[in-house]
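Okay, structure first, notes after.
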Amino acid sequence: MQILFASTAARARIARGAAGAALCFVALSAISLTACRSGEDESGAARAASIPSARVAIAQRGDISHVLSLAGQFQPYQMVDVHPKVSGYMRRINVDIGDIVHEGQTLATLEVPELKAQLQQTVFQVDQSREEITRAQHEINRAEAQHGALHEQYLRLQEASKGRPGLIAEQELDNAKAGDLSAEAQVDAAKAAMAAAKQHLGSAQADNQRVEALHNYTNVVAPISGVVAWRYADTGALIQGGTNSNSQDLPIVRLSQSTLLRLRLPVPEDDVRYVHDGDPVTLRVDAVGRNIIGKVVRFTRSINFETRTMETEVDVDNKDLSIAPGMYANAMLRLAHSEKTVTIPVEALVIKGDGRVVYVLDDTNHIHVRSVQVGLEGSKLAEIKSGIQPGERVILGGQDHYQDGEAVSPEIAQEPASETQQQTGGTIDLEADQQADNEAGPDAVEEKRAARTGIQKKNATEPTVNTPAAHEPHAKTFGGGAG
């Protein structure tokens with residue numbers, strides 16, 4: 001009985017020892033597994049920490065434009081000083097400043113009494129020449145009749161002498177022949193007199209036309225349709241004829257063709273290469289609150305040595321005369337433009353040798369250095385003509401920190417797809433100018449206006465005739481007369 005009890009106790013102790021060993025094994029296994037998993041996590045975190053991050057942008061399709069902002073001044077399409085062809089007293093002037101006139105309309109009438117007398121004299125000379133032609137025709141008729149009679153007489157005597165030799169004396173035959181030849185010469189002389197009379201008539205008629213033309217110039221007509229910009233003469237004034245281009249004599253009126261205006265824009269030297277005929281121009285005329293779309297119609301193709309700019313002109317329709325010559329406009333001239341092209345930020349471009357490269361990421365976020373052809377560049381975006389497709393990712397900045405084939409962790413930066421780069425060549429803010437003028441004195445305002453137009457301050461109540469020649473390249477001098 002004791003032996004049996006001892007065996008049973010031993011088996012119980014063995015069982016408890018096996019159970020404890022099993023528990024220890026399980027505990028050790030759990031600790032070992034936990035330690036392995038912790039080591040793997042730490043290794044993955046270390047590997048993730050070793051991959052550098054990179055700021056990237058996505059290539060997109062968009063537009064890039066270069067726009068130049070300029071201030072320009074409206075000028076008449078034509079400016080004409082109307083002078084009379086002849087000198088005389090002003091009998092009547094039909095227009096005043098601000099009047100709208102049409103081509104061929106009589107502006108003024110001069111009184112020139114001596115021209116009337118000269119015209120009447122030339123009329124008499126023409127009539128006299130016609131009478132001389134009539135007399136010369138009668139003389140031709142008389143000479144031809146006399147020559148016919150003498151010629152027939154000579155022929156009869158000659159026939160009689162041949163029929164009966166010796167019947168007619170030789171002296172008589174000679175006298176008849178001489179009379180015939182003399183009469184023929186008189187016919188030629190009469191015809192020559194007729195030709196001279198006709199030439200005299202032509203000369204008289206030419207002189208009559210000349211004097212009549214001068215007399216017609218006493219009616220001074222408008223050479224163009226436009227507005228009377230200034231009036232220089234009054235009724236009764238002695239007006240000198242504008243026959244000499246160097247004359248300092250004042251015109252009768254100055255006409256401005258204001259239904260069509262020129263807007264002159266000084267384009268800087270660096271932007272001249274972008275200017276072409278037909279380029280669109282957006283205009284803002286603050287004085288009348290109008291926006292106008294125009295286009296470049298002409299430019300000088302030369303650079304001003306002082307300002308280093310090229311004069312560029314835009315024609316603006318002004319049939320309602322709402323824009324007055326001399327007003328300013330702010331213009332937006334599009335210099336270069338690219339539509340629906342692939343664009344990326346300029347900071348993605350890296351200069352390498354003679355070309356440009358970008359750092360492109362593939363689907364596994366590995367870097368590939370790729371050459372690209374760059375087109376139009378703005379301040380933020382650049383046009384890519386080849387080498388990049390829309391949707392590809394490029395690294396922005398710090399490219400020298402990365403290597404070809406290296407893996408990176410991308411951080412997407414939101415960038416615009418289009419850009420309009422605006423350059424300014426000087427604009428005018430009328431509201432700011434008006435506020436400054438209110439604060440300044442009248443003398444400062446006048447000097448400021450003179451500086452804007454580029455001329456020294458002059459007497460505004462009486463412009464001189466030299467003003468268009470000096471400051472209006474398109475100003476003309478016209479000798480008015482009846483059209």
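In the structure tokens, each chain is lettered A, B, ... as it comes, each chain's residues begin at 1, and ligands are numbered from 1 in order of appearance.
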Return as a Markdown table the residues of range 268-373 of chain A lying at most 12 Å from range 75-99 of chain A, together with the closest atom-to-atom pair for each and the distance in Å to one decimal, counting only C-alpha atoms, with rows in chain order and ascending residue number.
| residue | atom | partner | partner_atom | distance |
| --- | --- | --- | --- | --- |
| A:Glu313 | CA | A:Gln75 | CA | 10.1 |
| A:Val314 | CA | A:Gln75 | CA | 10.5 |
| A:Asp315 | CA | A:Tyr77 | CA | 8.1 |
| A:Val316 | CA | A:Tyr77 | CA | 9.3 |
| A:Asp317 | CA | A:Tyr77 | CA | 10.1 |
| A:Asn318 | CA | A:Pro76 | CA | 10.0 |
| A:Leu321 | CA | A:Pro76 | CA | 11.0 |
| A:Ile323 | CA | A:Gln75 | CA | 10.0 |
| A:Ala324 | CA | A:Gln75 | CA | 8.3 |
| A:Pro325 | CA | A:Gln75 | CA | 4.8 |
| A:Gly326 | CA | A:Gln75 | CA | 6.0 |
| A:Met327 | CA | A:Gln75 | CA | 8.2 |
| A:Tyr328 | CA | A:Gln75 | CA | 9.7 |
| A:Ala329 | CA | A:Gln75 | CA | 11.3 |
Strand (DSSP E or B) positions in range 294-438 of chain A, given as a ChimeraX atom specification: /A:294-299,309-317,328-345,350-352,355-361,366-377,381-386,393-395,407,409-412,419-424
Residues near range 203-218 of chain A, cut-off 6 Å, only C-alpha atoms, skip fewer than 2 positions along chain, as a list in words: Lys85, Thr109, Leu110, Leu119, Thr122, Gln125, Val126, His200, Leu201, Val220, Gly481 and Ala482 of chain A
Those of range 175-272 of chain A in DSSP alpha helix (DSSP H), formatted as a ChimeraX atom specification: /A:175-216
Distance criterion (only C-alpha atoms): nearest to Gly289 in chain A out of A:Asp127, A:Asn365, A:Ser322, A:Pro410: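 Of the candidates, the smallest distance to Gly289 in chain A is held by A:Ser322.
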